[in-house]
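Text of the file query_5.tsv, holding TSV, C-alpha atoms:
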chain	number	residue	atom	x	y	z
A	52	MET	CA	-0.23	-17.20	13.93
A	53	LYS	CA	-1.85	-14.42	16.01
A	54	THR	CA	1.49	-13.00	17.06
A	55	THR	CA	2.83	-12.94	13.50
A	56	ARG	CA	-0.38	-11.42	12.16
A	57	ARG	CA	-0.32	-8.73	14.83
A	58	CYS	CA	3.30	-7.87	14.00
A	59	ARG	CA	2.43	-7.50	10.32
A	60	ALA	CA	-0.52	-5.27	11.21
A	61	MET	CA	1.66	-3.07	13.42
A	62	LEU	CA	4.22	-2.73	10.62
A	63	SER	CA	1.50	-1.65	8.17
A	64	VAL	CA	0.12	0.89	10.64
A	65	GLY	CA	3.58	2.35	11.25
A	66	MET	CA	4.36	2.73	7.55
A	67	ASN	CA	0.94	4.25	6.88
A	68	LEU	CA	1.46	6.74	9.72
A	69	LEU	CA	4.83	7.77	8.27
A	70	ALA	CA	3.25	8.21	4.83
A	71	LEU	CA	0.52	10.38	6.33
A	72	PHE	CA	3.01	12.54	8.23
A	73	PHE	CA	5.26	13.02	5.19
A	74	SER	CA	2.35	13.85	2.87
A	75	ILE	CA	0.83	16.47	5.18
A	76	THR	CA	4.25	18.05	5.78
A	77	ALA	CA	5.00	18.22	2.07
A	78	PHE	CA	1.54	19.59	1.28
A	79	ILE	CA	1.78	22.59	3.62
A	80	THR	CA	5.45	23.50	3.08
A	81	THR	CA	7.02	25.53	0.24
A	82	TYR	CA	10.25	23.65	-0.44
A	83	TRP	CA	9.23	21.46	-3.34
A	84	CYS	CA	11.64	23.34	-5.63
A	85	VAL	CA	14.49	25.64	-4.56
A	86	GLY	CA	17.00	27.70	-6.50
A	87	THR	CA	18.18	31.19	-7.34
A	88	GLN	CA	16.78	34.03	-9.41
A	89	ARG	CA	18.90	36.63	-11.23
A	90	VAL	CA	17.65	40.19	-10.68
A	91	PRO	CA	19.31	43.56	-11.48
A	92	LYS	CA	21.11	45.26	-8.62
A	93	PRO	CA	19.31	48.25	-7.15
A	94	ARG	CA	20.85	51.70	-6.93
A	95	CYS	CA	22.98	52.47	-3.95
A	96	THR	CA	21.49	54.72	-1.30
A	97	LYS	CA	22.60	56.02	2.05
A	98	LEU	CA	21.01	53.04	3.70
A	99	ARG	CA	22.18	50.52	1.12
A	100	THR	CA	25.86	50.55	0.24
A	101	HIS	CA	26.50	46.91	-0.66
A	102	ASN	CA	25.18	44.74	-3.49
A	103	CYS	CA	24.08	47.82	-5.41
A	104	ILE	CA	25.16	49.93	-8.36
A	105	ASP	CA	26.81	53.26	-7.57
A	106	TYR	CA	26.38	55.84	-10.35
A	107	GLY	CA	28.26	58.61	-8.59
A	108	ILE	CA	27.27	61.76	-6.68
A	109	ASN	CA	25.64	63.49	-9.67
A	110	GLU	CA	23.19	60.70	-10.39
A	111	THR	CA	20.25	63.02	-9.70
A	112	ASP	CA	21.30	65.56	-12.34
A	113	PRO	CA	19.61	64.57	-15.63
A	114	LYS	CA	22.20	66.47	-17.66
A	115	VAL	CA	25.08	64.42	-16.35
A	116	VAL	CA	25.80	61.07	-17.94
A	117	VAL	CA	26.59	58.40	-15.38
A	118	TYR	CA	28.31	55.12	-16.01
A	119	SER	CA	28.49	51.78	-14.33
A	120	TRP	CA	31.66	49.79	-14.64
A	121	GLU	CA	30.02	46.53	-13.69
A	122	THR	CA	29.33	44.17	-16.57
A	123	GLY	CA	28.00	40.67	-17.02
A	124	ASP	CA	26.75	38.88	-13.93
A	125	ASP	CA	28.25	41.61	-11.72
A	126	ARG	CA	25.25	43.76	-12.58
A	127	PHE	CA	22.84	41.20	-11.08
A	128	LEU	CA	21.94	39.79	-7.70
A	129	PHE	CA	21.20	36.10	-7.16
A	130	ARG	CA	18.41	35.79	-4.65
A	131	GLN	CA	17.23	32.53	-3.16
A	132	PHE	CA	13.68	31.29	-3.69
A	133	HIS	CA	11.62	28.23	-2.75
A	134	THR	CA	8.28	27.12	-4.16
A	135	GLY	CA	5.54	24.82	-2.95
A	136	ILE	CA	2.08	23.86	-4.13
A	137	TRP	CA	0.48	27.01	-2.75
A	138	PHE	CA	3.14	29.73	-2.51
A	139	SER	CA	6.46	30.79	-3.98
A	140	CYS	CA	8.70	32.80	-1.64
A	141	GLU	CA	11.86	34.68	-2.64
A	142	GLU	CA	14.40	36.72	-0.80
A	143	ASN	CA	13.61	40.43	-0.47
A	144	ILE	CA	16.61	42.37	-1.81
A	145	HIS	CA	15.33	45.72	-0.51
A	146	ASP	CA	14.65	44.60	3.02
A	147	GLU	CA	15.10	41.69	5.36
A	148	GLY	CA	12.79	38.71	5.18
A	149	GLU	CA	10.99	37.08	2.28
A	150	LYS	CA	8.30	38.04	-0.18
A	151	CYS	CA	5.74	35.37	-1.05
A	152	ARG	CA	3.15	35.19	-3.80
A	153	SER	CA	0.66	32.57	-4.93
A	154	PHE	CA	2.15	29.92	-7.17
A	155	ILE	CA	-1.27	29.38	-8.77
A	156	ASP	CA	-1.16	32.98	-10.01
A	157	LEU	CA	2.39	32.51	-11.30
A	158	ALA	CA	1.52	29.43	-13.35
A	159	PRO	CA	0.46	29.97	-16.99
A	160	ALA	CA	-3.27	30.13	-17.59
A	161	SER	CA	-3.13	26.97	-19.72
A	162	GLU	CA	-1.64	25.00	-16.83
A	163	ARG	CA	-3.78	26.18	-13.94
A	164	GLY	CA	-6.35	23.45	-14.54
A	165	VAL	CA	-3.65	20.79	-14.26
A	166	LEU	CA	-2.32	22.49	-11.12
A	167	TRP	CA	-5.75	22.50	-9.50
A	168	LEU	CA	-6.15	18.85	-10.45
A	169	SER	CA	-2.83	18.17	-8.74
A	170	VAL	CA	-4.03	19.98	-5.61
A	171	VAL	CA	-7.28	17.97	-5.53
A	172	SER	CA	-5.34	14.72	-6.05
A	173	GLU	CA	-3.06	15.61	-3.14
A	174	MET	CA	-6.09	16.20	-0.91
A	175	LEU	CA	-7.65	12.89	-1.94
A	176	TYR	CA	-4.32	11.20	-1.38
A	177	ILE	CA	-4.20	12.44	2.21
A	178	PHE	CA	-7.89	11.60	2.77
A	179	LEU	CA	-7.49	8.01	1.54
A	180	LEU	CA	-4.38	7.64	3.69
A	181	VAL	CA	-6.46	8.64	6.72
A	182	VAL	CA	-9.15	6.11	5.77
A	183	GLY	CA	-6.57	3.36	5.28
A	184	PHE	CA	-4.90	4.23	8.57
A	185	SER	CA	-8.24	4.02	10.41
A	186	LEU	CA	-9.03	0.63	8.88
A	187	MET	CA	-5.58	-0.68	9.78
A	188	CYS	CA	-6.06	0.43	13.39
A	189	LEU	CA	-9.40	-1.39	13.51
A	190	GLU	CA	-7.80	-4.48	11.97
A	191	LEU	CA	-5.04	-4.29	14.58
A	192	ALA	CA	-7.71	-4.25	17.30
A	193	HIS	CA	-9.43	-7.29	15.74
A	194	SER	CA	-6.14	-9.19	15.52
A	195	SER	CA	-6.13	-9.59	19.31
A	196	THR	CA	-9.60	-11.18	19.30
A	197	SER	CA	-10.98	-14.40	17.90
A	198	ASN	CA	-13.03	-12.63	15.21
A	199	VAL	CA	-10.63	-13.37	12.37
A	200	ILE	CA	-13.14	-13.02	9.51
A	201	ASP	CA	-13.94	-9.38	10.32
A	202	GLY	CA	-10.21	-8.72	10.66
A	203	LEU	CA	-9.60	-10.13	7.18
A	204	LYS	CA	-12.35	-7.95	5.69
A	205	LEU	CA	-10.85	-4.83	7.29
A	206	ASN	CA	-7.42	-5.92	6.07
A	207	ALA	CA	-8.64	-6.23	2.49
A	208	PHE	CA	-10.38	-2.83	2.49
A	209	ALA	CA	-7.34	-1.17	4.08
A	210	ALA	CA	-5.11	-2.58	1.34
A	211	ILE	CA	-7.48	-1.33	-1.39
A	212	PHE	CA	-7.71	2.21	0.03
A	213	THR	CA	-3.96	2.40	0.56
A	214	VAL	CA	-3.19	1.31	-3.00
A	215	LEU	CA	-5.65	3.86	-4.40
A	216	SER	CA	-4.13	6.63	-2.27
A	217	GLY	CA	-0.64	5.72	-3.47
A	218	LEU	CA	-1.70	5.90	-7.12
A	219	LEU	CA	-3.35	9.30	-6.58
A	220	GLY	CA	-0.26	10.59	-4.80
A	221	MET	CA	2.02	9.50	-7.62
A	222	VAL	CA	-0.18	11.20	-10.22
A	223	ALA	CA	-0.37	14.40	-8.14
A	224	HIS	CA	3.42	14.62	-7.73
A	225	MET	CA	4.02	14.10	-11.43
A	226	MET	CA	1.43	16.70	-12.43
A	227	TYR	CA	2.95	19.31	-10.11
A	228	THR	CA	6.42	18.63	-11.53
A	229	GLN	CA	5.10	19.13	-15.05
A	230	VAL	CA	3.39	22.43	-14.12
A	231	PHE	CA	6.51	23.76	-12.39
A	232	GLN	CA	8.75	22.99	-15.36
A	233	ILE	CA	6.37	24.78	-17.73
A	234	THR	CA	6.15	27.74	-15.34
A	235	VAL	CA	9.96	28.00	-15.35
A	236	SER	CA	9.84	28.54	-19.11
A	237	LEU	CA	6.60	30.51	-19.51
A	238	GLY	CA	6.14	32.16	-16.13
A	239	PRO	CA	6.60	35.87	-15.28
A	240	ALA	CA	9.99	37.32	-16.23
A	241	ASP	CA	10.64	38.65	-12.72
A	242	TRP	CA	10.14	35.16	-11.27
A	243	ARG	CA	11.87	32.80	-13.70
A	244	PRO	CA	14.66	30.92	-11.93
A	245	TYR	CA	18.27	31.17	-12.99
A	246	ASN	CA	18.85	27.64	-11.71
A	247	TRP	CA	16.73	25.36	-9.58
A	248	ASP	CA	16.53	21.89	-8.06
A	249	TYR	CA	14.07	19.81	-6.05
A	250	GLY	CA	13.85	20.51	-2.32
A	251	TRP	CA	13.24	18.49	0.80
A	252	SER	CA	9.44	18.83	0.56
A	253	PHE	CA	9.54	17.08	-2.82
A	254	CYS	CA	11.68	14.32	-1.30
A	255	MET	CA	9.21	13.95	1.58
A	256	ALA	CA	6.33	13.69	-0.89
A	257	TRP	CA	7.97	10.77	-2.70
A	258	ALA	CA	9.02	9.23	0.63
A	259	SER	CA	5.34	9.36	1.59
A	260	PHE	CA	4.44	7.54	-1.62
A	261	THR	CA	7.09	4.89	-0.90
A	262	CYS	CA	5.81	4.31	2.64
A	263	CYS	CA	2.24	4.20	1.36
A	264	MET	CA	3.00	1.50	-1.19
A	265	GLY	CA	5.05	-0.40	1.37
A	266	ALA	CA	2.09	-0.33	3.78
A	267	SER	CA	-0.30	-1.51	1.06
A	268	VAL	CA	2.01	-4.37	0.05
A	269	THR	CA	2.47	-5.41	3.68
A	270	THR	CA	-1.28	-5.32	4.30
A	271	LEU	CA	-2.04	-7.31	1.15
A	272	ASN	CA	0.67	-9.81	2.03
A	273	SER	CA	-0.79	-10.22	5.51
A	274	TYR	CA	-4.24	-10.84	4.03
A	275	THR	CA	-2.94	-13.38	1.50
A	276	LYS	CA	-0.81	-15.20	4.02
A	277	THR	CA	-3.67	-15.44	6.53
A	278	VAL	CA	-6.03	-16.81	3.87
A	279	ILE	CA	-3.45	-19.39	2.74
A	280	GLU	CA	-2.86	-20.48	6.33
A	281	PHE	CA	-6.58	-20.95	6.92
A	282	ARG	CA	-6.98	-22.92	3.69
A	283	HIS	CA	-4.06	-25.14	4.60
A	284	LYS	CA	-5.47	-25.80	8.06
A	285	ARG	CA	-8.92	-26.53	6.66
A	286	LYS	CA	-7.47	-28.94	4.09
A	287	THR	CA	-5.43	-30.68	6.78
A	288	PHE	CA	-8.51	-30.92	9.01
A	289	GLU	CA	-10.65	-32.34	6.21
A	290	GLN	CA	-7.99	-34.92	5.35
A	291	SER	CA	-7.68	-36.01	8.98
A	292	LEU	CA	-11.49	-36.14	9.29
A	293	ARG	CA	-11.79	-38.31	6.18
A	294	GLY	CA	-9.03	-40.57	7.52
A	295	GLU	CA	-10.85	-40.98	10.83
A	296	GLN	CA	-14.14	-41.72	9.05
A	297	ALA	CA	-12.43	-44.30	6.85
A	298	ARG	CA	-10.84	-45.97	9.86
A	299	ASP	CA	-14.16	-46.01	11.73
A	300	ALA	CA	-15.96	-47.47	8.72
A	301	PHE	CA	-13.27	-50.10	8.25
A	302	SER	CA	-13.44	-51.08	11.93
A	303	TYR	CA	-17.24	-51.25	11.77
A	304	TYR	CA	-17.33	-53.49	8.68
A	305	ARG	CA	-14.52	-55.63	9.99
A	306	ASP	CA	-16.30	-56.23	13.32
A	307	HIS	CA	-19.59	-56.87	11.53
A	308	SER	CA	-17.98	-59.43	9.19
A	309	LEU	CA	-16.27	-61.22	12.07
A	310	CYS	CA	-19.53	-61.46	13.97
A	311	SER	CA	-21.30	-62.89	10.92
A	312	LEU	CA	-18.60	-65.48	10.34
A	313	HIS	CA	-18.60	-66.41	14.00
A	314	SER	CA	-22.38	-66.97	14.04
A	315	VAL	CA	-22.24	-69.07	10.86
A	316	SER	CA	-19.40	-71.19	12.18
A	317	ASN	CA	-21.27	-71.96	15.42
A	318	THR	CA	-24.37	-73.37	13.76
A	319	VAL	CA	-24.66	-74.82	10.27
A	320	GLU	CA	-27.95	-76.00	8.85
A	321	VAL	CA	-27.69	-78.77	6.37
A	322	TYR	CA	-30.54	-79.55	4.03
A	323	THR	CA	-30.69	-82.95	2.35
A	324	GLN	CA	-33.12	-84.16	-0.27
A	325	THR	CA	-34.06	-87.81	-0.76
A	326	PRO	CA	-36.21	-89.32	-3.49
A	327	TYR	CA	-38.65	-90.73	-0.88
A	328	SER	CA	-39.21	-87.60	1.25
A	329	GLY	CA	-39.77	-83.93	0.71
A	330	GLY	CA	-36.67	-83.11	2.69
A	331	ILE	CA	-34.90	-83.94	5.91
A	332	ARG	CA	-33.56	-81.05	8.02
A	333	SER	CA	-30.77	-81.81	10.43
A	334	GLN	CA	-28.76	-79.49	12.64
A	335	LEU	CA	-25.20	-80.49	13.30
A	336	PRO	CA	-22.65	-78.84	15.48
A	337	ALA	CA	-19.78	-77.20	13.67
A	338	ALA	CA	-17.19	-79.24	15.56
A	339	SER	CA	-18.45	-82.51	14.13
A	340	LEU	CA	-18.68	-81.27	10.56
A	341	ASP	CA	-15.84	-81.52	8.15
A	342	THR	CA	-15.99	-78.62	5.72
A	343	ARG	CA	-14.06	-80.62	3.15
A	344	GLU	CA	-17.04	-82.99	2.77
A	345	LEU	CA	-19.57	-80.15	2.17
A	346	PRO	CA	-20.71	-79.33	-1.31
A	347	ASP	CA	-19.14	-76.37	-3.09
A	348	SER	CA	-22.41	-74.44	-3.00
A	349	LEU	CA	-22.55	-74.67	0.80
A	350	GLU	CA	-19.00	-73.53	1.14
A	351	GLU	CA	-19.76	-70.51	-1.08
A	352	GLU	CA	-22.88	-69.75	0.95
A	353	GLN	CA	-20.84	-69.92	4.14
A	354	CYS	CA	-18.36	-67.45	2.70
Go ahead and render the structure in this file as structure tokens.
Amino acid sequence: MKTTRRCRAMLSVGMNLLALFFSITAFITTYWCVGTQRVPKPRCTKLRTHNCIDYGINETDPKVVVYSWETGDDRFLFRQFHTGIWFSCEENIHDEGEKCRSFIDLAPASERGVLWLSVVSEMLYIFLLVVGFSLMCLELAHSSTSNVIDGLKLNAFAAIFTVLSGLLGMVAHMMYTQVFQITVSLGPADWRPYNWDYGWSFCMAWASFTCCMGASVTTLNSYTKTVIEFRHKRKTFEQSLRGEQARDAFSYYRDHSLCSLHSVSNTVEVYTQTPYSGGIRSQLPAASLDTRELPDSLEEEQC
């Protein structure tokens, strides 16, 4: 049982460690949502000759009317962007690199409270994962000793903390998704995505939730299975103990009854009563006495 219990504890610790790694990685990265933004093309300059609008050589003369033959989507650039819990970064069309700004400032004022609640829930999710991981490590250390009761207590608390962290993580992910979708519709015009999808950070966040719930289920299963095994062993021990006590009692009463019958059969006292005497007491050996000639009352007394 110790080997199996230790294997279950190691599995729970491994899954909890994966959940902790995925959650921290998703929390600090900015690839929860990725996509493209449609922005107008800038004017062409001497340094920029591609992906720009060329109005001709007289574009600086205000009296000259300039035209652009590009229409539709040809007049726009599609720059890449990626957004996380803290920042939203988009491609810089005027220079190399990226330009980042706070996603909390981009969110509508009516949704910032929900976004902050999502951030706090994510922090609590990571904190409870750390607590559950610590308890699982302590339970793994107790699984190699004979102190099984303390190990079961640690196992139960680790399962409770892990389940709570998983619920908080699920709520935090859903709240962030809701805030991002509202920001896509009501956010600043220069930020609104043309198309978007979920990124690898979002996938890691939900993978962390999956590993967290798997660790909690494994821990709870280990606790339940250990308790059932102990109850079964205790019931088996009590049944065997009652059987031994019954056999001992039966042997004792059987030996006691045999000894009593043996003593009665060795010596029988017969009392007779005559009309002329108060009573004559005679002691006869059992070998010379025929039990068929004894009265019924004496036979019952002998039994």
Point out the residue among A:Trp137, A:Trp167, A:Phe132, A:Trp257 with the least atom-to-atom distance to Gly86 of chain A, counting all atoms listed in the file.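 Ranking A:Trp137, A:Trp167, A:Phe132, A:Trp257 by distance to Gly86 of chain A, first place goes to A:Phe132.
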From A:Val165, A:His133, A:Ile75, A:Asn272, residue lying nearest Lys150 of chain A [all atoms listed in the file]
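Among the listed residues, A:His133 lies closest to Lys150 of chain A.
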_Report as an MDAnalysis selection string all protein, DNA and RNA residues lying within 7 Å of segment 246-253 of chain A, evaluated on all atoms listed in the file, omitting residues in the same chain fewer than 6 positions from it._
chainID A and resid 77 80 82:87
Since we have the selection now, will you write its residues out, keeping C-alpha atoms, as a tab-separated table (two decimals), in the coordinates of the input?
chain	number	residue	atom	x	y	z
A	77	ALA	CA	5.00	18.22	2.07
A	80	THR	CA	5.45	23.50	3.08
A	82	TYR	CA	10.25	23.65	-0.44
A	83	TRP	CA	9.23	21.46	-3.34
A	84	CYS	CA	11.64	23.34	-5.63
A	85	VAL	CA	14.49	25.64	-4.56
A	86	GLY	CA	17.00	27.70	-6.50
A	87	THR	CA	18.18	31.19	-7.34
Discussion item. Counting only C-alpha atoms, which residues have an atom no more than 10 Å from (2.2, 16.1, -10.7) in the file's coordinates? Please list them as a list in words.
Written reply: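 So the residues meeting the distance criterion are Val165, Leu166, Leu168, Ser169, Val170, Ser172, Glu173, Leu219, Gly220, Met221, Val222, Ala223, His224, Met225, Met226, Tyr227, Thr228, Gln229, Val230 and Phe231 of chain A.
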Report task. Using all atoms listed in the file, determine which residues lie at most 10 Å from Leu271 of chain A, disregarding the query and same-chain residues fewer than 6 positions distant; provide the list as a list of chain:residue names. Result ->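 With the cut-off at 10 Å, the set is A:Ser63, A:Asn206, A:Ala207, A:Phe208, A:Ala209, A:Ala210, A:Ile211, A:Thr213, A:Val214, A:Gly265, A:Thr277.
With all atoms listed in the file as the basis for measurement, A:Phe212 is the residue among A:Phe212, A:Gln131, A:Val235, A:Pro91 that approaches Val182 of chain A most closely.
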Open item on the list: With distances taken over all atoms listed in the file, which residue among A:Ala158, A:Met187, A:Met174, A:Val64 lies nearest Pro239 of chain A?
Closed with: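 Smallest separation from Pro239 of chain A among the options: A:Ala158.
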Can you tell me, as a PDB file with C-alpha atoms, keeping the file's coordinate frame, which residues sit within 7 Å of (-1.5, 27.2, -12.0) in the file's frame, using all atoms listed in the file?
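The resulting file, point17.pdb, is reproduced below:
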ATOM      1  CA  PHE A 154       2.150  29.920  -7.170  1.00  0.00           C
ATOM      2  CA  ILE A 155      -1.270  29.380  -8.770  1.00  0.00           C
ATOM      3  CA  ASP A 156      -1.160  32.980 -10.010  1.00  0.00           C
ATOM      4  CA  LEU A 157       2.390  32.510 -11.300  1.00  0.00           C
ATOM      5  CA  ALA A 158       1.520  29.430 -13.350  1.00  0.00           C
ATOM      6  CA  PRO A 159       0.460  29.970 -16.990  1.00  0.00           C
ATOM      7  CA  ALA A 160      -3.270  30.130 -17.590  1.00  0.00           C
ATOM      8  CA  GLU A 162      -1.640  25.000 -16.830  1.00  0.00           C
ATOM      9  CA  ARG A 163      -3.780  26.180 -13.940  1.00  0.00           C
ATOM     10  CA  GLY A 164      -6.350  23.450 -14.540  1.00  0.00           C
ATOM     11  CA  LEU A 166      -2.320  22.490 -11.120  1.00  0.00           C
ATOM     12  CA  TRP A 167      -5.750  22.500  -9.500  1.00  0.00           C
TER      13      TRP A 167
END
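Computed from the coordinates, the atom CA of Ile177 of chain A to atom CA of Thr81 of chain A distance equals 17.4 Å.
You will find atom CA of Arg152 of chain A at 17.7 Å from atom CA of Gln232 of chain A.
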Atom CA of Cys263 of chain A to atom CA of Leu62 of chain A measures 11.7 Å
Show me, as a list in words, the residues that have an atom within 8 Å of Gly217 of chain A when counting only C-alpha atoms, minus same-chain residues fewer than 6 positions from it.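 Near Gly217 of chain A, the qualifying residues are Tyr176, Phe260, Cys263 and Met264 of chain A.
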The residue from A:Leu215, A:Cys151, A:Ala258, A:Ala60 with the smallest atom-to-atom distance to Leu180 of chain A, counting all atoms listed in the file, is A:Leu215
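Of the listed residues (A:Ser259, A:Asn67, A:Gln88, A:Thr234), A:Asn67 comes nearest to Ser185 of chain A; the distances count all atoms listed in the file.
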